[in-house]
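Trainee: Handing over start_33.txt, compact mmCIF, C-alpha atoms.
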```txt
# COMPACT_ATOMS: atom_id res chain seq x y z
CA MET A 335 174.69 108.31 58.97
CA PRO A 336 176.79 109.86 56.18
CA HIS A 337 180.56 109.45 56.09
CA GLN A 338 180.71 113.25 56.20
CA VAL A 339 178.36 115.95 57.43
CA HIS A 340 177.60 118.49 54.72
CA LEU A 341 176.74 122.12 55.46
CA SER A 342 175.22 124.73 53.17
CA ALA A 343 174.28 128.34 53.92
CA PHE A 344 170.73 129.32 52.92
CA MET A 345 169.94 133.03 52.47
CA LEU A 346 167.93 135.66 50.62
CA PHE A 347 169.54 138.76 49.13
CA ALA A 348 167.46 140.74 51.61
CA PRO A 349 167.66 142.60 54.95
CA ALA A 350 166.21 139.53 56.71
CA PRO A 351 167.97 136.67 54.88
CA HIS A 352 165.65 134.09 56.40
CA THR A 353 164.41 134.83 59.92
CA PRO A 354 161.92 137.69 60.41
CA LEU A 355 163.56 140.80 61.89
CA SER A 356 167.06 139.28 61.88
CA TRP A 357 168.17 142.66 60.53
CA LEU A 358 167.62 144.04 64.05
CA SER A 359 170.60 142.02 65.29
CA ALA A 360 173.13 143.88 63.12
CA PRO A 361 175.64 145.90 65.17
CA THR A 362 175.15 149.66 65.04
CA ASP A 363 178.72 150.07 63.80
CA VAL A 364 178.42 147.34 61.14
CA GLU A 365 180.99 147.78 58.38
CA HIS A 366 178.71 146.81 55.49
CA GLN A 367 174.95 146.72 55.01
CA TRP A 368 173.12 143.73 53.50
CA PHE A 369 172.79 145.44 50.10
CA GLU A 370 176.54 146.14 49.78
CA ALA A 371 179.11 143.89 48.17
CA GLY A 372 181.32 143.85 51.26
CA TYR A 373 178.61 142.19 53.36
CA TRP A 374 178.37 139.24 51.00
CA ARG A 375 182.10 139.13 50.38
CA ALA A 376 182.65 138.63 54.11
CA ILE A 377 180.00 135.89 54.31
CA ALA A 378 181.30 134.00 51.26
CA ARG A 379 184.89 134.08 52.51
CA THR A 380 183.80 132.87 55.96
CA LEU A 381 181.86 130.00 54.40
CA GLU A 382 184.82 129.04 52.24
CA ARG A 383 187.10 129.17 55.28
CA GLY A 384 184.66 126.80 56.97
CA LYS A 385 184.61 124.54 53.89
CA PHE A 386 180.84 124.80 53.46
CA ASP A 387 179.53 123.07 50.34
CA MET A 388 177.85 126.22 49.08
CA LEU A 389 175.99 129.45 49.57
CA PHE A 390 172.42 128.67 48.48
CA LEU A 391 170.40 131.76 47.54
CA ALA A 392 166.62 131.75 47.64
CA ASP A 393 164.60 134.36 45.77
CA SER A 394 161.24 136.07 45.66
CA LEU A 395 159.89 137.97 42.67
CA ALA A 396 157.26 139.74 44.75
CA GLY A 397 156.77 141.04 48.27
CA GLY A 398 155.66 143.98 50.33
CA ASN A 399 152.04 143.16 49.63
CA THR A 400 150.83 143.97 53.13
CA PRO A 401 151.85 146.69 55.58
CA ALA A 402 153.29 144.05 57.94
CA GLN A 403 155.53 142.62 55.23
CA ILE A 404 156.94 146.09 54.55
CA ARG A 405 157.19 147.08 58.22
CA TYR A 406 159.14 143.98 59.23
CA ALA A 407 161.02 143.34 55.95
CA ILE A 408 159.35 139.96 55.36
CA GLN A 409 161.14 138.70 52.26
CA PHE A 410 161.03 142.30 51.09
CA PRO A 411 162.93 144.03 49.65
CA CYS A 412 164.68 141.22 47.79
CA HIS A 413 167.48 141.95 45.33
CA ASP A 414 168.58 139.82 42.35
CA PRO A 415 170.57 136.76 43.49
CA VAL A 416 171.84 136.03 39.97
CA ALA A 417 173.72 139.31 39.93
CA LEU A 418 175.11 138.54 43.38
CA VAL A 419 176.34 135.08 42.30
CA THR A 420 178.06 136.64 39.30
CA TYR A 421 179.95 138.94 41.67
CA LEU A 422 180.78 136.21 44.20
CA ALA A 423 182.13 133.94 41.47
CA GLY A 424 185.26 136.07 41.51
CA VAL A 425 185.44 136.44 45.29
CA VAL A 426 185.77 132.78 46.33
CA GLU A 427 187.61 129.99 44.54
CA LYS A 428 186.10 126.78 45.92
CA LEU A 429 182.75 127.57 47.55
CA GLY A 430 179.73 126.40 45.55
CA LEU A 431 177.05 128.95 44.62
CA ALA A 432 173.42 127.92 44.08
CA VAL A 433 170.80 130.33 42.79
CA THR A 434 167.01 130.19 42.63
CA MET A 435 165.33 130.86 39.28
CA SER A 436 161.69 130.25 38.39
CA THR A 437 160.51 128.06 35.54
CA THR A 438 157.32 130.11 35.46
CA PHE A 439 158.88 133.48 34.67
CA TYR A 440 162.27 132.98 33.00
CA PRO A 441 162.17 131.91 29.33
CA PRO A 442 164.02 128.56 29.03
CA PHE A 443 166.64 129.91 26.62
CA LEU A 444 167.47 132.87 28.89
CA LEU A 445 167.77 130.73 32.00
CA ALA A 446 169.81 128.02 30.28
CA ARG A 447 172.15 130.64 28.84
CA THR A 448 172.61 132.47 32.16
CA LEU A 449 173.37 129.31 34.12
CA ALA A 450 175.68 127.84 31.49
CA THR A 451 177.62 131.10 31.50
CA LEU A 452 177.82 131.00 35.30
CA ASP A 453 178.97 127.38 35.15
CA HIS A 454 181.91 128.62 33.07
CA LEU A 455 182.66 131.58 35.34
CA THR A 456 182.59 129.39 38.46
CA ALA A 457 184.43 126.43 36.88
CA GLY A 458 181.53 124.10 37.64
CA ARG A 459 180.53 125.51 41.03
CA ILE A 460 177.05 126.73 40.07
CA GLY A 461 173.77 125.16 41.17
CA TRP A 462 170.18 125.88 40.22
CA ASN A 463 167.38 125.71 42.76
CA ILE A 464 164.45 124.82 40.50
CA VAL A 465 161.22 126.50 41.57
CA SER A 466 157.92 127.05 39.80
CA SER A 467 156.95 130.02 42.05
CA ILE A 468 154.39 130.11 44.85
CA SER A 469 152.98 133.64 44.91
CA SER A 470 150.11 135.11 42.94
CA ALA A 471 151.79 138.48 43.50
CA GLU A 472 154.71 137.22 41.41
CA ALA A 473 152.30 136.47 38.59
CA ARG A 474 150.90 140.00 38.74
CA ASN A 475 154.41 141.46 38.59
CA PHE A 476 154.81 139.71 35.25
CA GLY A 477 151.47 140.78 33.84
CA ARG A 478 149.54 137.63 34.68
CA ALA A 479 146.34 137.46 36.67
CA GLU A 480 147.39 134.37 38.62
CA LEU A 481 149.74 131.41 38.71
CA PRO A 482 148.81 128.14 37.05
CA PRO A 483 147.46 125.55 39.53
CA HIS A 484 150.04 123.84 41.75
CA ASP A 485 150.40 120.51 39.91
CA GLN A 486 150.19 122.18 36.51
CA ARG A 487 153.20 124.31 37.44
CA TYR A 488 155.19 121.11 37.88
CA ASP A 489 153.88 119.72 34.58
CA LEU A 490 155.14 122.88 32.90
CA ALA A 491 158.45 122.55 34.73
CA ASP A 492 158.90 119.02 33.32
CA GLU A 493 158.64 120.47 29.82
CA TYR A 494 160.88 123.38 30.80
CA LEU A 495 163.67 121.05 31.98
CA ALA A 496 163.46 119.11 28.74
CA ALA A 497 163.96 122.36 26.81
CA CYS A 498 166.95 123.35 28.95
CA HIS A 499 168.64 119.96 28.57
CA ALA A 500 168.10 120.11 24.82
CA LEU A 501 169.94 123.43 24.75
CA TRP A 502 172.76 122.37 27.08
CA ASN A 503 173.37 119.20 25.05
CA SER A 504 173.22 120.75 21.57
CA TRP A 505 177.02 120.95 21.22
CA ASP A 506 179.02 117.73 20.80
CA ASP A 507 181.85 117.24 23.28
CA ASP A 508 184.48 117.83 20.59
CA ALA A 509 182.66 120.59 18.69
CA VAL A 510 185.07 123.35 19.75
CA VAL A 511 188.19 122.82 17.64
CA MET A 512 190.13 126.10 18.00
CA ASP A 513 192.32 125.13 15.04
CA VAL A 514 194.38 128.24 14.29
CA ASN A 515 196.00 126.79 11.16
CA GLN A 516 192.72 125.72 9.58
CA LYS A 517 190.91 128.81 10.89
CA ILE A 518 188.19 126.68 12.46
CA PHE A 519 186.76 127.69 15.79
CA ALA A 520 184.04 125.03 15.91
CA ASP A 521 182.97 122.18 13.65
CA PRO A 522 179.58 123.20 12.15
CA ASN A 523 178.61 119.52 11.92
CA LYS A 524 178.87 119.20 15.70
CA VAL A 525 176.83 122.25 16.69
CA HIS A 526 173.17 121.38 16.35
CA ARG A 527 169.95 123.27 16.09
CA VAL A 528 167.72 122.33 18.97
CA ALA A 529 164.33 122.70 17.29
CA PHE A 530 162.68 121.88 20.62
CA GLN A 531 158.91 122.03 20.76
CA SER A 532 156.55 120.84 23.46
CA GLU A 533 153.01 121.83 24.31
CA HIS A 534 154.08 125.06 26.04
CA PHE A 535 157.71 125.74 25.04
CA GLN A 536 159.72 125.96 21.89
CA THR A 537 163.27 127.07 21.20
CA GLU A 538 165.22 126.85 17.96
CA GLY A 539 168.91 127.17 18.77
CA PRO A 540 171.76 126.68 18.20
CA PHE A 541 172.62 127.36 21.82
CA THR A 542 174.90 130.38 22.15
CA VAL A 543 177.09 129.07 25.00
CA ILE A 544 179.84 126.51 24.45
CA PRO A 545 179.64 123.38 26.66
CA SER A 546 180.35 124.32 30.27
CA PRO A 547 182.29 122.15 32.74
CA ARG A 548 179.22 120.10 33.71
CA ARG A 549 177.08 121.01 30.68
CA HIS A 550 174.43 122.16 33.15
CA PRO A 551 174.28 123.48 36.71
CA PHE A 552 173.90 121.11 39.63
CA LEU A 553 170.13 120.72 39.95
CA PHE A 554 168.43 121.22 43.33
CA GLN A 555 164.75 120.95 44.17
CA ALA A 556 162.76 121.34 47.37
CA GLY A 557 159.24 120.12 46.64
CA GLN A 558 157.42 118.72 49.68
CA SER A 559 154.08 117.86 48.06
CA GLU A 560 153.31 114.61 46.26
CA ARG A 561 153.82 116.27 42.87
CA GLY A 562 156.92 118.09 44.09
CA ARG A 563 158.52 114.86 45.29
CA ALA A 564 157.79 113.19 41.96
CA PHE A 565 159.47 116.10 40.19
CA ALA A 566 162.50 115.95 42.51
CA ALA A 567 162.90 112.21 42.02
CA ARG A 568 162.89 112.70 38.26
CA HIS A 569 165.14 115.75 37.91
CA ALA A 570 167.00 116.71 41.09
CA GLU A 571 170.65 115.93 41.74
CA GLY A 572 170.29 117.26 45.29
CA ILE A 573 167.22 117.82 47.47
CA PHE A 574 166.51 120.45 50.11
CA SER A 575 163.81 119.54 52.62
CA ALA A 576 162.31 120.51 55.97
CA ALA A 577 160.84 118.26 58.64
CA ARG A 578 159.43 118.38 62.15
CA GLY A 579 161.46 115.71 63.90
CA THR A 580 163.35 112.60 62.87
CA HIS A 581 160.22 110.55 62.13
CA GLN A 582 159.26 112.98 59.37
CA MET A 583 162.87 113.06 58.18
CA ARG A 584 162.98 109.27 57.88
CA ALA A 585 159.60 109.10 56.15
CA PHE A 586 160.75 111.67 53.59
CA SER A 587 164.14 110.00 53.06
CA ASP A 588 162.57 106.59 52.53
CA ASP A 589 159.91 108.00 50.21
CA ILE A 590 162.47 109.78 48.05
CA ALA A 591 164.70 106.70 47.97
CA ALA A 592 161.80 104.56 46.75
CA ARG A 593 160.90 107.11 44.08
CA LEU A 594 164.51 107.34 42.89
CA GLU A 595 164.88 103.57 42.72
CA GLY A 596 161.58 103.35 40.89
CA GLY A 597 163.01 105.67 38.25
CA GLY A 598 166.24 103.70 37.95
CA ARG A 599 168.31 106.14 40.01
CA ASP A 600 170.64 105.37 42.92
CA PRO A 601 169.53 107.16 46.13
CA ALA A 602 173.14 107.14 47.35
CA THR A 603 174.00 109.69 44.65
CA VAL A 604 171.28 112.22 45.59
CA PRO A 605 172.07 114.12 48.81
CA ILE A 606 169.28 115.46 51.02
CA LEU A 607 169.98 118.60 53.07
CA TRP A 608 167.66 119.50 55.98
CA ALA A 609 166.63 123.01 56.93
CA ALA A 610 168.27 123.94 60.25
CA GLN A 611 169.16 126.92 62.44
CA PRO A 612 171.69 125.77 65.03
CA VAL A 613 172.47 128.26 67.78
CA VAL A 614 175.88 127.56 69.28
CA ALA A 615 177.59 129.18 72.25
CA ALA A 616 180.23 128.37 74.85
CA THR A 617 177.55 127.17 77.30
CA GLU A 618 174.07 125.78 76.88
CA ALA A 619 172.64 128.58 79.01
CA GLU A 620 174.24 131.20 76.78
CA ALA A 621 172.90 129.50 73.64
CA ARG A 622 169.38 129.28 75.05
CA ASP A 623 169.49 132.90 76.16
CA ARG A 624 170.49 133.89 72.64
CA PHE A 625 167.65 131.86 71.15
CA ALA A 626 165.20 133.46 73.57
CA GLU A 627 166.36 136.89 72.40
CA ILE A 628 165.84 135.86 68.77
CA ARG A 629 162.33 134.58 69.46
CA GLU A 630 161.43 137.58 71.64
CA ARG A 631 162.17 140.14 68.94
CA ILE A 632 159.68 138.60 66.48
CA PRO A 633 156.10 139.79 67.11
CA LEU A 634 153.20 137.50 66.25
CA GLU A 635 152.20 139.83 63.41
CA ALA A 636 155.59 139.35 61.73
CA SER A 637 155.39 135.54 61.89
CA ILE A 638 151.86 135.62 60.44
CA ALA A 639 153.09 137.90 57.65
CA GLN A 640 155.90 135.44 56.88
CA MET A 641 153.44 132.55 56.76
CA SER A 642 151.13 134.57 54.48
CA ALA A 643 154.02 135.21 52.08
CA HIS A 644 155.09 131.56 51.96
CA TRP A 645 151.60 130.10 51.71
CA ASP A 646 150.23 132.71 49.25
CA VAL A 647 147.21 133.38 51.44
CA ASP A 648 146.22 136.49 53.39
CA LEU A 649 146.06 135.43 57.03
CA ASN A 650 145.40 138.96 58.26
CA GLY A 651 142.19 138.81 60.27
CA ALA A 652 142.08 135.00 60.30
CA ASP A 653 141.09 133.17 63.48
CA ILE A 654 144.55 132.07 64.53
CA ASP A 655 143.27 129.79 67.29
CA GLN A 656 141.39 127.41 65.02
CA PRO A 657 143.05 124.14 63.89
CA VAL A 658 144.50 124.37 60.38
CA VAL A 659 144.03 120.70 59.49
CA GLU A 660 141.81 121.52 56.48
CA LEU A 661 143.78 124.54 55.29
CA GLN A 662 144.61 124.38 51.57
CA VAL A 663 146.93 127.02 50.14
CA SER A 664 148.30 127.77 46.68
CA GLY A 665 151.82 128.40 47.99
CA LEU A 666 153.92 126.08 50.13
CA GLN A 667 151.26 123.51 50.95
CA GLY A 668 153.98 121.10 51.96
CA PHE A 669 154.94 123.37 54.86
CA VAL A 670 151.35 123.41 56.13
CA ASP A 671 151.14 119.62 55.84
CA MET A 672 154.46 119.23 57.68
CA TYR A 673 153.10 121.02 60.73
CA VAL A 674 149.75 119.20 60.64
CA ARG A 675 151.42 115.77 60.38
CA ALA A 676 153.47 116.55 63.47
CA GLN A 677 150.50 117.97 65.44
CA PRO A 678 147.04 117.38 63.90
CA GLU A 679 145.27 119.97 66.07
CA ILE A 680 147.88 122.68 65.51
CA THR A 681 146.65 126.28 65.12
CA LEU A 682 148.04 129.25 63.26
CA ARG A 683 149.15 130.68 66.61
CA ASP A 684 151.05 127.47 67.38
CA ILE A 685 152.77 127.52 63.99
CA ALA A 686 153.66 131.20 64.30
CA GLY A 687 155.40 130.45 67.57
CA SER A 688 158.13 128.49 65.83
CA TYR A 689 157.78 129.36 62.14
CA MET A 690 161.20 129.95 60.51
CA VAL A 691 162.92 130.06 63.91
CA GLY A 692 162.13 126.72 65.48
CA SER A 693 161.15 125.71 68.95
CA GLY A 694 163.03 126.42 72.15
CA ARG A 695 163.03 122.63 72.57
CA SER A 696 165.24 122.25 69.49
CA PRO A 697 168.24 119.98 70.08
CA LEU A 698 170.27 122.31 67.84
CA ILE A 699 170.64 124.87 70.63
CA GLY A 700 173.62 124.43 72.93
CA THR A 701 177.35 123.96 73.10
CA PRO A 702 179.30 122.81 70.02
CA ALA A 703 179.39 119.26 71.41
CA GLN A 704 175.65 119.23 72.10
CA VAL A 705 174.75 120.56 68.66
CA ALA A 706 177.15 118.15 66.95
CA ASP A 707 175.61 115.25 68.89
CA ALA A 708 172.14 116.38 67.82
CA MET A 709 173.11 116.75 64.17
CA LEU A 710 174.64 113.30 64.03
CA GLY A 711 171.65 111.77 65.79
CA MET A 712 169.23 113.44 63.38
CA LEU A 713 171.10 112.14 60.33
CA GLU A 714 171.43 108.66 61.80
CA GLU A 715 167.72 108.43 62.62
CA GLY A 716 166.30 110.52 59.81
CA GLY A 717 168.70 110.01 56.91
CA GLY A 718 170.13 112.66 54.64
CA SER A 719 173.58 114.10 54.09
CA GLY A 720 173.64 117.32 56.08
CA PHE A 721 172.00 120.65 56.75
CA GLN A 722 170.91 123.76 54.90
CA ILE A 723 171.58 126.41 57.52
CA SER A 724 169.85 129.79 57.66
CA PRO A 725 171.03 132.61 59.93
CA PRO A 726 168.72 133.65 62.80
CA TYR A 727 170.89 136.66 63.62
CA HIS A 728 173.39 138.95 61.86
CA ALA A 729 174.67 136.64 59.14
CA PRO A 730 178.39 137.54 59.04
CA ALA A 731 178.69 137.01 62.80
CA TYR A 732 176.45 133.95 62.81
CA PHE A 733 178.42 132.01 60.22
CA ASN A 734 181.67 133.02 61.86
CA ASP A 735 180.35 131.51 65.11
CA LEU A 736 179.65 128.22 63.33
CA VAL A 737 183.08 128.18 61.68
CA GLU A 738 184.86 128.97 64.94
CA MET A 739 182.86 126.67 67.26
CA LEU A 740 180.72 124.02 65.56
CA ILE A 741 182.92 122.97 62.65
CA PRO A 742 186.01 122.23 64.81
CA GLU A 743 183.79 119.92 66.90
CA LEU A 744 182.60 118.07 63.79
CA ARG A 745 186.19 117.80 62.55
CA LYS A 746 187.31 116.39 65.89
CA ARG A 747 184.88 113.53 65.29
CA GLY A 748 186.27 112.88 61.81
CA LEU A 749 182.98 113.82 60.16
CA TYR A 750 183.85 117.10 58.46
CA ARG A 751 186.36 117.93 55.76
CA ASP A 752 189.64 119.69 56.48
CA ASP A 753 189.72 120.94 52.90
CA TYR A 754 187.78 120.59 49.69
CA CYS A 755 188.63 117.37 47.85
CA GLY A 756 187.26 118.56 44.52
CA THR A 757 186.62 121.76 42.63
CA THR A 758 182.99 121.53 41.46
CA LEU A 759 179.76 121.87 43.42
CA ALA A 760 178.83 118.30 42.48
CA GLU A 761 182.07 117.07 44.04
CA HIS A 762 181.43 119.09 47.20
CA VAL A 763 177.91 117.83 47.90
CA ARG A 764 178.66 114.20 47.00
CA GLU A 765 181.95 113.92 48.85
CA GLY A 766 181.92 111.04 51.32
CA MET A 767 178.60 109.61 50.14
CA ALA A 768 178.39 105.83 50.13
```
How does this structure look as structure tokens?
Mentor:
Amino acid sequence: MPHQVHLSAFMLFAPAPHTPLSWLSAPTDVEHQWFEAGYWRAIARTLERGKFDMLFLADSLAGGNTPAQIRYAIQFPCHDPVALVTYLAGVVEKLGLAVTMSTTFYPPFLLARTLATLDHLTAGRIGWNIVSSISSAEARNFGRAELPPHDQRYDLADEYLAACHALWNSWDDDAVVMDVNQKIFADPNKVHRVAFQSEHFQTEGPFTVIPSPRRHPFLFQAGQSERGRAFAARHAEGIFSAARGTHQMRAFSDDIAARLEGGGRDPATVPILWAAQPVVAATEAEARDRFAEIRERIPLEASIAQMSAHWDVDLNGADIDQPVVELQVSGLQGFVDMYVRAQPEITLRDIAGSYMVGSGRSPLIGTPAQVADAMLGMLEEGGGSGFQISPPYHAPAYFNDLVEMLIPELRKRGLYRDDYCGTTLAEHVREGMA
């Protein structure tokens, strides 16, 4: 079990930040809509008040490809999270901000420049969720017929990261002189052309951003597949994962630890955050009633549409009562495998019943004490540092509920910070690690 439980908020810049139809739970007299600055300002300030590590923003560069995805707002519409992070950088002073950007569609120089600039504006609080994209619709939005094959996308991402690091490290630590008397801003001998060239990428430099507080953003990755795990073990400073039960959690934790050690890295320095949706209320009955309301509002068609979007496969018209054990998808194959490992004969209907919301048997539904007990038990049995929490109902109210009820319970047990001990995102997510 970690010395401290870490919490991160996981959202999309969208009407349903994570859970299908969560937009239906917004009060009719809501002060701000999801696309307005005030909505996100309220969330960020609540998270900072609760001393969350960060607000972690997912992204999708496509969507609305079926009538069901449009009807139910399944990851669509989705606004630009980079612009949102730029705004939030001036709203909160300590909260970390992680943003998703794709190695398939952003040129390396543009991405490296954007994130280095944000690292300056946030004083080292910026993180990058490294993705290689999962949707063929994204490819078509950028004028491509299809995505490269799954493993090839990771091969390209390896090259991409090498290009980014070459740019971020092209200024010596003491290159910026700012000598007013000698009229020297920077020493030309300490600012280097990159001249990076690999099989698929090349960039000349010099890099146009001075060294930022960490030189590069804090690097997150969430690959579940064999190739994704290899990539995470090589590049990631923090890992986001999902599992069906503590046995899968422990298997993943041990596998990542072995891969890190094999690459000469210390697993104790790489936090793992688990996807979670705790529902907390004053009584267990109230919490379970709330969960039942959340589950009830999501029709089967909406869950299938969400699965189609994540897996990059059209499940409309599929036989949802057949086992999916042989299903191979070009999107999030790791999610499919996660369900099959937990229940080999599982069907699409079974998966849809809990997809992105969880099961009514989840131990993370109950009173603050019950949910805290469950969280601590999961980390003790499964490993990891904490939880990446997505809102199943109106996000401003949901996170306020966690800050007002769950976090005081964790603090009472001495397992949650009273205040931030550092100023950078790296310090937040590594605080209390052995």
Trainee: Under the rule that all atoms listed in the file are counted, which of A:Phe390, A:Phe369, A:Phe443, A:Tyr689 is the nearest residue to A:Cys412?
Mentor: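 Closest residue, counting all atoms listed in the file: A:Phe369.
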Trainee: Residues at most 9 Å from A:Ser359, counting all atoms listed in the file, excluding those fewer than 6 positions away in the same chain, as JSON, numbers by chain?
Mentor: {"A": [628, 726, 727, 728]}
Trainee: Compile the contact shell of A:Ala450 as an MDAnalysis selection string: residues with an atom at most 8 Å away, counting all atoms listed in the file, same-chain residues fewer than 4 positions apart removed.
Mentor: chainID A and resid 446 454 502 543 545:546 549:551
Trainee: Emit the selected residues as a compact mmCIF listing (two decimals), in the frame of the given file, including C-alpha atoms.
Mentor:
```txt
# COMPACT_ATOMS: atom_id res chain seq x y z
CA ALA A 446 169.81 128.02 30.28
CA HIS A 454 181.91 128.62 33.07
CA TRP A 502 172.76 122.37 27.08
CA VAL A 543 177.09 129.07 25.00
CA PRO A 545 179.64 123.38 26.66
CA SER A 546 180.35 124.32 30.27
CA ARG A 549 177.08 121.01 30.68
CA HIS A 550 174.43 122.16 33.15
CA PRO A 551 174.28 123.48 36.71
```
Trainee: As an exercise, work out the distance from atom CA of A:Pro725 to atom CA of A:Gln338 in Å and give it to one decimal place.
Mentor: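 Interatomic distance, atom CA of A:Pro725 to atom CA of A:Gln338: 22.0 Å.
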Trainee: Near A:Phe347, counting only C-alpha atoms, which residues have an atom at most 7 Å away, once you skip same-chain residues fewer than 5 positions from it, shown as a ChimeraX atom specification?
Mentor: /A:412-415
Trainee: Neighbouring residues of stretch 737-748 of chain A were defined as those with any atom within 10 Å, considering only C-alpha atoms; residues of the same chain fewer than 3 positions away were excluded. Please report them as a ChimeraX atom specification.
Mentor: /A:337-339,341,380-386,612-616,701-707,709-710,731-734,751-752
Trainee: Could you turn the residues from that selection into a file that holds C-alpha atoms, as a PDB file, in the frame of the given file?
Mentor:
```
ATOM      1  CA  HIS A 337     180.560 109.450  56.090  1.00  0.00           C
ATOM      2  CA  GLN A 338     180.710 113.250  56.200  1.00  0.00           C
ATOM      3  CA  VAL A 339     178.360 115.950  57.430  1.00  0.00           C
ATOM      4  CA  LEU A 341     176.740 122.120  55.460  1.00  0.00           C
ATOM      5  CA  THR A 380     183.800 132.870  55.960  1.00  0.00           C
ATOM      6  CA  LEU A 381     181.860 130.000  54.400  1.00  0.00           C
ATOM      7  CA  GLU A 382     184.820 129.040  52.240  1.00  0.00           C
ATOM      8  CA  ARG A 383     187.100 129.170  55.280  1.00  0.00           C
ATOM      9  CA  GLY A 384     184.660 126.800  56.970  1.00  0.00           C
ATOM     10  CA  LYS A 385     184.610 124.540  53.890  1.00  0.00           C
ATOM     11  CA  PHE A 386     180.840 124.800  53.460  1.00  0.00           C
ATOM     12  CA  PRO A 612     171.690 125.770  65.030  1.00  0.00           C
ATOM     13  CA  VAL A 613     172.470 128.260  67.780  1.00  0.00           C
ATOM     14  CA  VAL A 614     175.880 127.560  69.280  1.00  0.00           C
ATOM     15  CA  ALA A 615     177.590 129.180  72.250  1.00  0.00           C
ATOM     16  CA  ALA A 616     180.230 128.370  74.850  1.00  0.00           C
ATOM     17  CA  THR A 701     177.350 123.960  73.100  1.00  0.00           C
ATOM     18  CA  PRO A 702     179.300 122.810  70.020  1.00  0.00           C
ATOM     19  CA  ALA A 703     179.390 119.260  71.410  1.00  0.00           C
ATOM     20  CA  GLN A 704     175.650 119.230  72.100  1.00  0.00           C
ATOM     21  CA  VAL A 705     174.750 120.560  68.660  1.00  0.00           C
ATOM     22  CA  ALA A 706     177.150 118.150  66.950  1.00  0.00           C
ATOM     23  CA  ASP A 707     175.610 115.250  68.890  1.00  0.00           C
ATOM     24  CA  MET A 709     173.110 116.750  64.170  1.00  0.00           C
ATOM     25  CA  LEU A 710     174.640 113.300  64.030  1.00  0.00           C
ATOM     26  CA  ALA A 731     178.690 137.010  62.800  1.00  0.00           C
ATOM     27  CA  TYR A 732     176.450 133.950  62.810  1.00  0.00           C
ATOM     28  CA  PHE A 733     178.420 132.010  60.220  1.00  0.00           C
ATOM     29  CA  ASN A 734     181.670 133.020  61.860  1.00  0.00           C
ATOM     30  CA  ARG A 751     186.360 117.930  55.760  1.00  0.00           C
ATOM     31  CA  ASP A 752     189.640 119.690  56.480  1.00  0.00           C
TER      32      ASP A 752
END
```
Trainee: Name the residues in contact with A:Val670 at a cut-off of 10 Å, using all atoms listed in the file, excluding same-chain residues fewer than 2 positions from it; report them as a ChimeraX atom specification.
Mentor: /A:641,644-645,658-663,665-668,672-675,682,685
Trainee: Within 9 Å of (169.3, 137.9, 52.8) in the file's own coordinates, which protein, DNA or RNA residues have an atom, counting all atoms listed in the file? List them as a list of chain:residue names.
Mentor: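 Every polymer residue passing the test: A:Phe344, A:Met345, A:Leu346, A:Phe347, A:Ala348, A:Pro349, A:Ala350, A:Pro351, A:His352, A:Trp368, A:Phe369, A:Leu391, A:Ala392, A:Gln409, A:Cys412, A:His413, A:Ala729.
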Trainee: If I wrap all listed atoms of stretch 574-580 of chain A in a box with edges along x, y and z and add 8 Å on each side, what are its centre and edge lengths in Å to one decimal, as JSON?
Mentor:
```
{"center_x": 163.0, "center_y": 116.6, "center_z": 57.0, "size_x": 23.1, "size_y": 23.9, "size_z": 29.8}
```
Trainee: Rank nothing, just name the residue among A:Arg683, A:Arg593, A:His499, A:His581 nearest to A:Leu449, using all atoms listed in the file.
Mentor: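 Comparing A:Arg683, A:Arg593, A:His499, A:His581 against A:Leu449, the winner is A:His499.
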Trainee: Between A:Glu761, A:Asp393, A:Glu560, A:Glu493, which is the closest to A:Val465 once you count only C-alpha atoms?
Mentor: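 Checking each of A:Glu761, A:Asp393, A:Glu560, A:Glu493 against A:Val465, counting only C-alpha atoms, the winner is A:Asp393.
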Trainee: So what do you get for atom CA of A:Leu594 versus atom CA of A:Glu765, distance-wise?
Mentor: 19.6 Å
Trainee: Taking into account only C-alpha atoms, which residue in the set A:Ser637, A:Thr580, A:Ser356, A:Ser587 is nearest to A:Ala686?
Mentor: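 Closest to A:Ala686 of all the choices is A:Ser637.
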Trainee: What is the atom CA of A:Thr603 to atom CA of A:Phe565 distance in Å?
Mentor: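 Spanning atom CA of A:Thr603 to atom CA of A:Phe565 is a straight-line distance of 16.5 Å.
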Trainee: Counting only C-alpha atoms, write as an MDAnalysis selection string all protein and nucleic acid residues lying at most 8 Å from (163.3, 128.1, 45.9) in the file's frame.
Mentor: chainID A and resid 392:393 434:436 463:465 467 555:556
Trainee: Between A:Ala378, A:Leu431, A:Ile468, A:Tyr440, which has the minimum distance to A:Val647 (counting all atoms listed in the file)?
Mentor: A:Ile468
Trainee: Counting only C-alpha atoms, which residue out of A:Ser470, A:Ala610, A:Pro657, A:Asp492 sits closest to A:Ala564?
Mentor: A:Asp492
